[in-house]
Every structure is written in C-alpha cells, then in structure tokens.
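Here is the file run.cif (mmCIF, C-alpha atoms; chains and numbers go by the auth columns).
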```cif
data_coords
loop_
_atom_site.group_PDB
_atom_site.id
_atom_site.type_symbol
_atom_site.label_atom_id
_atom_site.label_comp_id
_atom_site.label_asym_id
_atom_site.label_seq_id
_atom_site.Cartn_x
_atom_site.Cartn_y
_atom_site.Cartn_z
_atom_site.B_iso_or_equiv
_atom_site.auth_seq_id
_atom_site.auth_asym_id
ATOM 1 C CA MET A 1 33.953 3.905 -7.062 0.00 121 A
ATOM 2 C CA LYS A 2 31.648 2.436 -4.413 0.00 122 A
ATOM 3 C CA PRO A 3 32.242 -1.045 -3.016 0.00 123 A
ATOM 4 C CA VAL A 4 30.089 -3.731 -4.636 0.00 124 A
ATOM 5 C CA ASN A 5 28.405 -4.459 -1.271 0.00 125 A
ATOM 6 C CA ASP A 6 27.112 -0.892 -1.117 0.00 126 A
ATOM 7 C CA ILE A 7 25.968 -0.867 -4.742 0.00 127 A
ATOM 8 C CA ILE A 8 24.068 -4.138 -4.315 0.00 128 A
ATOM 9 C CA ALA A 9 22.590 -2.867 -1.040 0.00 129 A
ATOM 10 C CA GLU A 10 21.347 0.349 -2.695 0.00 130 A
ATOM 11 C CA ASN A 11 19.913 -1.530 -5.664 0.00 131 A
ATOM 12 C CA LEU A 12 18.179 -4.110 -3.468 0.00 132 A
ATOM 13 C CA THR A 13 16.637 -1.344 -1.341 0.00 133 A
ATOM 14 C CA ALA A 14 15.542 0.674 -4.396 0.00 134 A
ATOM 15 C CA LEU A 15 13.997 -2.372 -6.114 0.00 135 A
ATOM 16 C CA ARG A 16 12.168 -3.473 -2.969 0.00 136 A
ATOM 17 C CA LYS A 17 10.713 -0.018 -2.373 0.00 137 A
ATOM 18 C CA ALA A 18 9.850 0.474 -6.047 0.00 138 A
ATOM 19 C CA ASN A 19 7.865 -2.773 -5.944 0.00 139 A
ATOM 20 C CA GLY A 20 6.090 -1.769 -2.742 0.00 140 A
ATOM 21 C CA PHE A 21 7.429 -4.584 -0.563 0.00 141 A
ATOM 22 C CA THR A 22 8.359 -4.298 3.076 0.00 142 A
ATOM 23 C CA GLN A 23 11.467 -6.158 4.222 0.00 143 A
ATOM 24 C CA ILE A 24 9.195 -8.722 5.876 0.00 144 A
ATOM 25 C CA GLU A 25 7.191 -9.290 2.668 0.00 145 A
ATOM 26 C CA LEU A 26 10.363 -9.703 0.612 0.00 146 A
ATOM 27 C CA ALA A 27 11.768 -12.091 3.218 0.00 147 A
ATOM 28 C CA GLU A 28 8.572 -14.188 2.980 0.00 148 A
ATOM 29 C CA LYS A 29 8.797 -14.309 -0.815 0.00 149 A
ATOM 30 C CA LEU A 30 12.431 -15.452 -0.648 0.00 150 A
ATOM 31 C CA ASN A 31 11.842 -17.685 2.385 0.00 151 A
ATOM 32 C CA TYR A 32 14.480 -15.841 4.404 0.00 152 A
ATOM 33 C CA SER A 33 14.305 -13.836 7.611 0.00 153 A
ATOM 34 C CA ASP A 34 13.714 -10.088 7.506 0.00 154 A
ATOM 35 C CA LYS A 35 17.009 -9.738 9.411 0.00 155 A
ATOM 36 C CA SER A 36 18.824 -11.239 6.418 0.00 156 A
ATOM 37 C CA VAL A 37 17.118 -8.772 4.078 0.00 157 A
ATOM 38 C CA SER A 38 18.068 -5.934 6.413 0.00 158 A
ATOM 39 C CA LYS A 39 21.731 -7.036 6.404 0.00 159 A
ATOM 40 C CA TRP A 40 21.729 -7.191 2.598 0.00 160 A
ATOM 41 C CA GLU A 41 20.259 -3.702 2.333 0.00 161 A
ATOM 42 C CA ARG A 42 22.787 -2.260 4.790 0.00 162 A
ATOM 43 C CA GLY A 43 25.628 -3.849 2.819 0.00 163 A
ATOM 44 C CA GLU A 44 26.761 -5.997 5.752 0.00 164 A
ATOM 45 C CA THR A 45 26.403 -9.191 3.734 0.00 165 A
ATOM 46 C CA ILE A 46 25.709 -10.103 0.118 0.00 166 A
ATOM 47 C CA PRO A 47 23.066 -12.713 -0.689 0.00 167 A
ATOM 48 C CA SER A 48 24.279 -15.956 -2.220 0.00 168 A
ATOM 49 C CA VAL A 49 24.206 -16.262 -6.010 0.00 169 A
ATOM 50 C CA ASP A 50 21.088 -18.465 -5.778 0.00 170 A
ATOM 51 C CA VAL A 51 19.262 -15.801 -3.794 0.00 171 A
ATOM 52 C CA LEU A 52 20.473 -13.051 -6.136 0.00 172 A
ATOM 53 C CA ALA A 53 19.059 -15.088 -9.039 0.00 173 A
ATOM 54 C CA GLU A 54 15.700 -15.358 -7.204 0.00 174 A
ATOM 55 C CA ILE A 55 15.726 -11.610 -6.561 0.00 175 A
ATOM 56 C CA CYS A 56 16.505 -10.896 -10.232 0.00 176 A
ATOM 57 C CA ALA A 57 13.604 -13.129 -11.304 0.00 177 A
ATOM 58 C CA LEU A 58 11.272 -11.490 -8.796 0.00 178 A
ATOM 59 C CA TYR A 59 12.067 -7.956 -9.973 0.00 179 A
ATOM 60 C CA GLY A 60 12.660 -8.754 -13.643 0.00 180 A
ATOM 61 C CA VAL A 61 16.250 -7.482 -13.678 0.00 181 A
ATOM 62 C CA THR A 62 19.605 -9.043 -14.496 0.00 182 A
ATOM 63 C CA LEU A 63 22.453 -9.822 -12.126 0.00 183 A
ATOM 64 C CA ASP A 64 24.452 -7.203 -14.002 0.00 184 A
ATOM 65 C CA TYR A 65 21.802 -4.640 -13.054 0.00 185 A
ATOM 66 C CA LEU A 66 22.233 -5.444 -9.349 0.00 186 A
ATOM 67 C CA ILE A 67 25.996 -4.862 -9.302 0.00 187 A
ATOM 68 C CA HIS A 68 26.055 -1.502 -11.135 0.00 188 A
ATOM 69 C CA GLU A 69 24.930 1.960 -10.007 0.00 189 A
ATOM 70 C CA HIS A 70 21.632 3.234 -11.440 0.00 190 A
ATOM 71 C CA ALA A 71 20.973 6.620 -9.848 0.00 191 A
ATOM 72 C CA GLU A 72 19.516 8.155 -13.017 0.00 192 A
ATOM 73 C CA GLU A 73 17.304 5.133 -13.712 0.00 193 A
ATOM 74 C CA THR A 74 15.734 4.963 -10.247 0.00 194 A
ATOM 75 C CA VAL A 75 13.230 7.756 -10.860 0.00 195 A
ATOM 76 C CA GLU A 76 12.133 6.270 -14.188 0.00 196 A
ATOM 77 C CA TYR A 77 11.830 2.770 -12.685 0.00 197 A
ATOM 78 C CA GLU A 78 9.758 4.060 -9.755 0.00 198 A
ATOM 79 C CA HIS A 79 7.463 5.863 -12.199 0.00 199 A
ATOM 80 C CA GLU A 80 7.026 2.668 -14.240 0.00 200 A
ATOM 81 C CA THR A 81 6.275 0.712 -11.072 0.00 201 A
ATOM 82 C CA LYS A 82 3.674 3.262 -9.964 0.00 202 A
ATOM 83 C CA VAL A 83 2.028 3.161 -13.421 0.00 203 A
ATOM 84 C CA SER A 84 2.062 -0.649 -13.324 0.00 204 A
ATOM 85 C CA SER A 85 0.483 -0.623 -9.856 0.00 205 A
ATOM 86 C CA ASN A 86 -2.216 1.802 -10.998 0.00 206 A
ATOM 87 C CA ASN A 87 -2.916 -0.369 -14.051 0.00 207 A
ATOM 88 C CA LYS A 88 -3.380 -3.427 -11.837 0.00 208 A
ATOM 89 C CA ILE A 89 -5.883 -1.567 -9.672 0.00 209 A
ATOM 90 C CA ILE A 90 -7.775 -0.368 -12.767 0.00 210 A
ATOM 91 C CA VAL A 91 -7.928 -3.900 -14.243 0.00 211 A
ATOM 92 C CA THR A 92 -9.227 -5.262 -10.922 0.00 212 A
ATOM 93 C CA LEU A 93 -11.891 -2.546 -10.704 0.00 213 A
ATOM 94 C CA LEU A 94 -12.938 -3.159 -14.322 0.00 214 A
ATOM 95 C CA ALA A 95 -13.377 -6.875 -13.571 0.00 215 A
ATOM 96 C CA ILE A 96 -15.510 -6.025 -10.524 0.00 216 A
ATOM 97 C CA LEU A 97 -17.498 -3.582 -12.662 0.00 217 A
ATOM 98 C CA VAL A 98 -18.362 -6.455 -15.025 0.00 218 A
ATOM 99 C CA VAL A 99 -19.943 -8.316 -12.079 0.00 219 A
ATOM 100 C CA TRP A 100 -22.115 -5.304 -11.254 0.00 220 A
ATOM 101 C CA LEU A 101 -23.070 -4.786 -14.899 0.00 221 A
ATOM 102 C CA LEU A 102 -24.183 -8.428 -15.025 0.00 222 A
ATOM 103 C CA ALA A 103 -26.158 -7.975 -11.797 0.00 223 A
ATOM 104 C CA ILE A 104 -27.906 -4.890 -13.205 0.00 224 A
ATOM 105 C CA THR A 105 -28.635 -6.708 -16.481 0.00 225 A
ATOM 106 C CA VAL A 106 -30.124 -9.726 -14.695 0.00 226 A
ATOM 107 C CA TYR A 107 -32.180 -7.483 -12.411 0.00 227 A
ATOM 108 C CA LEU A 108 -33.577 -5.419 -15.313 0.00 228 A
ATOM 109 C CA TYR A 109 -34.247 -8.475 -17.487 0.00 229 A
ATOM 110 C CA VAL A 110 -36.142 -10.356 -14.775 0.00 230 A
ATOM 111 C CA ASN A 111 -38.007 -7.194 -13.770 0.00 231 A
ATOM 112 C CA MET A 112 -39.053 -6.345 -17.351 0.00 232 A
ATOM 113 C CA ILE A 113 -39.847 -9.878 -18.603 0.00 233 A
ATOM 114 C CA TYR A 114 -41.298 -11.494 -15.461 0.00 234 A
ATOM 115 C CA SER A 115 -42.228 -8.387 -13.425 0.00 235 A
ATOM 116 C CA VAL A 116 -40.317 -9.762 -10.451 0.00 236 A
ATOM 117 C CA ASN A 117 -38.266 -7.528 -8.184 0.00 237 A
ATOM 118 C CA MET A 118 -35.122 -9.636 -7.962 0.00 238 A
ATOM 119 C CA TRP A 119 -33.151 -7.357 -5.603 0.00 239 A
ATOM 120 C CA ILE A 120 -31.215 -10.322 -4.234 0.00 240 A
ATOM 121 C CA VAL A 121 -29.015 -10.294 -7.357 0.00 241 A
ATOM 122 C CA TYR A 122 -27.325 -7.156 -5.998 0.00 242 A
ATOM 123 C CA ILE A 123 -26.648 -8.894 -2.694 0.00 243 A
ATOM 124 C CA TRP A 124 -24.964 -11.819 -4.491 0.00 244 A
ATOM 125 C CA ALA A 125 -22.855 -9.356 -6.481 0.00 245 A
ATOM 126 C CA VAL A 126 -20.971 -8.462 -3.272 0.00 246 A
ATOM 127 C CA PRO A 127 -19.410 -11.926 -2.673 0.00 247 A
ATOM 128 C CA ALA A 128 -18.834 -12.280 -6.431 0.00 248 A
ATOM 129 C CA SER A 129 -16.934 -8.985 -6.361 0.00 249 A
ATOM 130 C CA SER A 130 -14.992 -10.213 -3.336 0.00 250 A
ATOM 131 C CA ILE A 131 -13.963 -13.359 -5.213 0.00 251 A
ATOM 132 C CA ILE A 132 -12.664 -11.299 -8.138 0.00 252 A
ATOM 133 C CA ALA A 133 -10.813 -8.924 -5.806 0.00 253 A
ATOM 134 C CA LEU A 134 -9.321 -11.931 -3.980 0.00 254 A
ATOM 135 C CA VAL A 135 -8.151 -13.557 -7.227 0.00 255 A
ATOM 136 C CA PHE A 136 -6.464 -10.371 -8.454 0.00 256 A
ATOM 137 C CA THR A 137 -4.962 -9.764 -5.007 0.00 257 A
ATOM 138 C CA CYS A 138 -3.491 -13.277 -5.056 0.00 258 A
ATOM 139 C CA ILE A 139 -1.971 -12.557 -8.474 0.00 259 A
ATOM 140 C CA TRP A 140 -0.738 -9.012 -7.919 0.00 260 A
ATOM 141 C CA GLY A 141 -1.441 -7.790 -4.427 0.00 261 A
ATOM 142 C CA LYS A 142 0.092 -7.877 -1.005 0.00 262 A
ATOM 143 C CA ILE A 143 -0.392 -10.888 1.234 0.00 263 A
ATOM 144 C CA ARG A 144 -2.113 -8.765 3.904 0.00 264 A
ATOM 145 C CA ASN A 145 -4.854 -7.741 1.458 0.00 265 A
ATOM 146 C CA ARG A 146 -5.675 -11.373 0.665 0.00 266 A
ATOM 147 C CA PHE A 147 -6.858 -11.958 4.206 0.00 267 A
ATOM 148 C CA ILE A 148 -8.962 -8.785 4.159 0.00 268 A
ATOM 149 C CA PHE A 149 -10.752 -9.937 0.997 0.00 269 A
ATOM 150 C CA MET A 150 -11.137 -13.465 2.420 0.00 270 A
ATOM 151 C CA SER A 151 -12.913 -11.967 5.444 0.00 271 A
ATOM 152 C CA ILE A 152 -15.151 -9.844 3.229 0.00 272 A
ATOM 153 C CA LEU A 153 -15.937 -12.922 1.125 0.00 273 A
ATOM 154 C CA VAL A 154 -16.873 -15.062 4.133 0.00 274 A
ATOM 155 C CA TRP A 155 -19.169 -12.488 5.741 0.00 275 A
ATOM 156 C CA SER A 156 -20.776 -11.373 2.470 0.00 276 A
ATOM 157 C CA LEU A 157 -21.476 -15.022 1.510 0.00 277 A
ATOM 158 C CA LEU A 158 -23.105 -15.654 4.874 0.00 278 A
ATOM 159 C CA ALA A 159 -25.168 -12.464 4.570 0.00 279 A
ATOM 160 C CA SER A 160 -26.197 -13.429 1.026 0.00 280 A
ATOM 161 C CA PHE A 161 -27.383 -16.881 2.132 0.00 281 A
ATOM 162 C CA TYR A 162 -29.242 -15.340 5.055 0.00 282 A
ATOM 163 C CA LEU A 163 -31.013 -12.784 2.850 0.00 283 A
ATOM 164 C CA GLN A 164 -31.712 -15.335 0.089 0.00 284 A
ATOM 165 C CA PHE A 165 -33.509 -17.583 2.573 0.00 285 A
ATOM 166 C CA LEU A 166 -34.881 -14.810 4.788 0.00 286 A
ATOM 167 C CA GLN A 167 -38.207 -16.574 5.264 0.00 287 A
ATOM 168 C CA TYR A 168 -36.430 -19.433 7.105 0.00 288 A
ATOM 169 C CA ASN A 169 -34.823 -17.052 9.644 0.00 289 A
ATOM 170 C CA LEU A 170 -31.378 -18.660 9.389 0.00 290 A
ATOM 171 C CA TRP A 171 -29.656 -16.142 11.672 0.00 291 A
ATOM 172 C CA GLY A 172 -27.574 -19.000 13.079 0.00 292 A
ATOM 173 C CA ILE A 173 -25.661 -19.131 9.797 0.00 293 A
ATOM 174 C CA PHE A 174 -23.595 -16.181 11.037 0.00 294 A
ATOM 175 C CA VAL A 175 -22.170 -18.415 13.773 0.00 295 A
ATOM 176 C CA LEU A 176 -20.262 -20.186 10.965 0.00 296 A
ATOM 177 C CA GLY A 177 -18.459 -16.924 10.319 0.00 297 A
ATOM 178 C CA VAL A 178 -16.765 -16.933 13.720 0.00 298 A
ATOM 179 C CA PRO A 179 -14.599 -20.073 13.267 0.00 299 A
ATOM 180 C CA LEU A 180 -14.000 -19.151 9.623 0.00 300 A
ATOM 181 C CA GLN A 181 -12.806 -15.674 10.656 0.00 301 A
ATOM 182 C CA ILE A 182 -10.595 -17.189 13.360 0.00 302 A
ATOM 183 C CA ALA A 183 -9.141 -19.574 10.758 0.00 303 A
ATOM 184 C CA ILE A 184 -8.407 -16.654 8.410 0.00 304 A
ATOM 185 C CA ILE A 185 -6.695 -14.720 11.211 0.00 305 A
ATOM 186 C CA LEU A 186 -4.619 -17.739 12.265 0.00 306 A
ATOM 187 C CA TRP A 187 -3.706 -18.508 8.652 0.00 307 A
ATOM 188 C CA SER A 188 -2.518 -14.917 8.191 0.00 308 A
ATOM 189 C CA LYS A 189 -0.126 -15.388 11.125 0.00 309 A
ATOM 190 C CA ILE A 190 1.645 -18.422 9.610 0.00 310 A
ATOM 191 C CA LYS A 191 5.195 -17.485 8.622 0.00 311 A
ATOM 192 C CA PRO A 192 7.412 -19.567 6.365 0.00 312 A
ATOM 193 C CA LEU A 193 10.508 -20.957 8.017 0.00 313 A
ATOM 194 C CA PRO A 194 13.519 -18.811 7.150 0.00 314 A
ATOM 195 C CA LYS A 195 16.426 -20.394 5.335 0.00 315 A
ATOM 196 C CA LYS A 196 19.644 -20.688 7.258 0.00 316 A
ATOM 197 C CA ILE A 197 22.073 -17.818 6.780 0.00 317 A
ATOM 198 C CA LYS A 198 25.354 -19.079 5.408 0.00 318 A
#
```

In structure tokens, how does this file's structure come out?
Amino acid sequence: MKPVNDIIAENLTALRKANGFTQIELAEKLNYSDKSVSKWERGETIPSVDVLAEICALYGVTLDYLIHEHAEETVEYEHETKVSSNNKIIVTLLAILVVWLLAITVYLYVNMIYSVNMWIVYIWAVPASSIIALVFTCIWGKIRNRFIFMSILVWSLLASFYLQFLQYNLWGIFVLGVPLQIAIILWSKIKPLPKKIK
C-alpha cells in the first residue's frame, strides 16, 4: 500500500490537471504560493486540514476521496471534466449568438419599417458580445482569459463610440484606450499574498 502522502499527491495532481488549472492558478485560488502546491503534489508535505477542505470544495470531492487511490476513476473523471468544459464553451457561444440574433433582428426591423440602413447595430454587437464572454469567463474561465476579454471590450467600445459619432471625428477617443489597457495589464500582474507555510 502506498503512503498517504503519495496518494494525496497523486490525487491533488490528477484533480488539478482534470480541472485545467496550472499550479500557479490553483495557488492563487487557495491564496498559497505555487511552491506550496508543488510540494503537495510531490508528496513532500500534506496541506493542512483547512486547505484540504478548501481543495475538496473547489473540486467537489470529499476528504475521503483525496486519501484513497482512484486509478480506474481518473479516466472517467477527466472525460467528465472535458465534457463539462465543452458544455461551458457551448453555453457561452449560445449566449453570444443571442446578441447577434438581436442585432440582426434590430437591423432588419429598422431597415424594413423605416428604410434606414442601421449598420451600426452590428458594431455595437461586438462590445456586447465581449461583455457576455467576460461574464462567463469570470464565472467559469481562467483568470488570464478575463484580461483578454477586458481588452477586447475596451477597444471595441472605443471603436463603437468612434463609429457611432463618425461625423464628429472623435479619433482622440482612442487615446483613452492606452491608460485603460495599461491598467488592465497592471491589474493582471497583481498576485495575492501567499499564506504562510506551517
């Protein structure tokens, strides 16, 4: 029988990988250093009971699950995780599709009823899609993707305002994007303070 340290280390590694986290991402979620996570996964140390409880809550498993071998279940769990990940992507894309269906409906309605070519509705659909992608990324996605969608949102909003008020030649509005982009980049570099290793 394997030592408990090794079993916990294998289970922690398998769960992290099955959920698509890097050691750094898991460390951020638990407010620990990635070195601590690495030690846990090598079996050098065991997380405290409080941390094990946080890990169980994060992955939706029991403490009993963490301390027993699960070689035969790993493949099934990874398959379920992949299906879950695919479902999240599909739900996000369906929500974005609703935005574009609304944009098409508004465009056709205004064009048919008022005979106005309201092409700008498609431009505004881009930041609206970015907002939806950002919301779903905050719920389900990786932290890195949040900042990508924030950048897309900022620049698409600025472009939409510029094109909406094209007759005023507001090219200077894009200057606003520079400090906003810098703020997004700096915000993405903020790391939570790691908890002390006991």

Nearby residues, (21.6, -13.5, -9.5) file frame, 8 Å, all atoms listed in the file, as a list in words: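 Checked against the point, the hits come out as Val169, Asp170, Val171, Leu172, Ala173, Glu174, Ile175, Cys176, Thr182 and Leu183 of chain A.
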
Would you compute the distance between CA of Leu214 (chain A) and CA of Trp307 (chain A)? Give it in Å to one decimal.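 Interatomic distance, CA of Leu214 (chain A) to CA of Trp307 (chain A): 29.1 Å.
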
Using only C-alpha atoms, give me every residue within 12 Å of (17.8, -9.6, -6.5) in file coordinates, as a PyMOL selection string. chain A and resi 128-136+146-147+149-150+157+160-161+166-187

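Atom pair CA of Trp260 (chain A) / CA of Ile210 (chain A) has a distance of 12.2 Å (rounded to one decimal).
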
Take the PyMOL selection byres ((chain A and resi 280) around 12), run it mentally on this structure, and tell me the resulting residues as an MDAnalysis selection string. chainID A and resid 239:248 272:279 281:286 290:291 293:294

Enter the distance from CA of Pro123 (chain A) to CA of Ser156 (chain A), in Å, rounded to one decimal.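 That distance, rounded to one decimal, is 19.3 Å.
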
From A:Val219, A:Val236, A:Ile251, A:Ile305, residue lying nearest Phe267 (chain A) [all atoms listed in the file]: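 Checking each candidate against Phe267 (chain A), we get A:Ile305 as the closest.
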
Using all atoms listed in the file, the best pick from A:Leu221, A:Thr257, A:Ile302, A:Gly292 as closest to Ser271 (chain A) would be A:Ile302

Please provide as a list in words all residues within 12 Å of Cys258 (chain A), with the sequence filter that same-chain residues fewer than 5 positions apart are discarded (counting all atoms listed in the file).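 Listing them by chain and then by number gives Lys208, Thr212, Ile251, Ile252, Ala253, Ile263, Arg264, Asn265, Arg266, Phe267, Ile268, Phe269 and Met270 of chain A.
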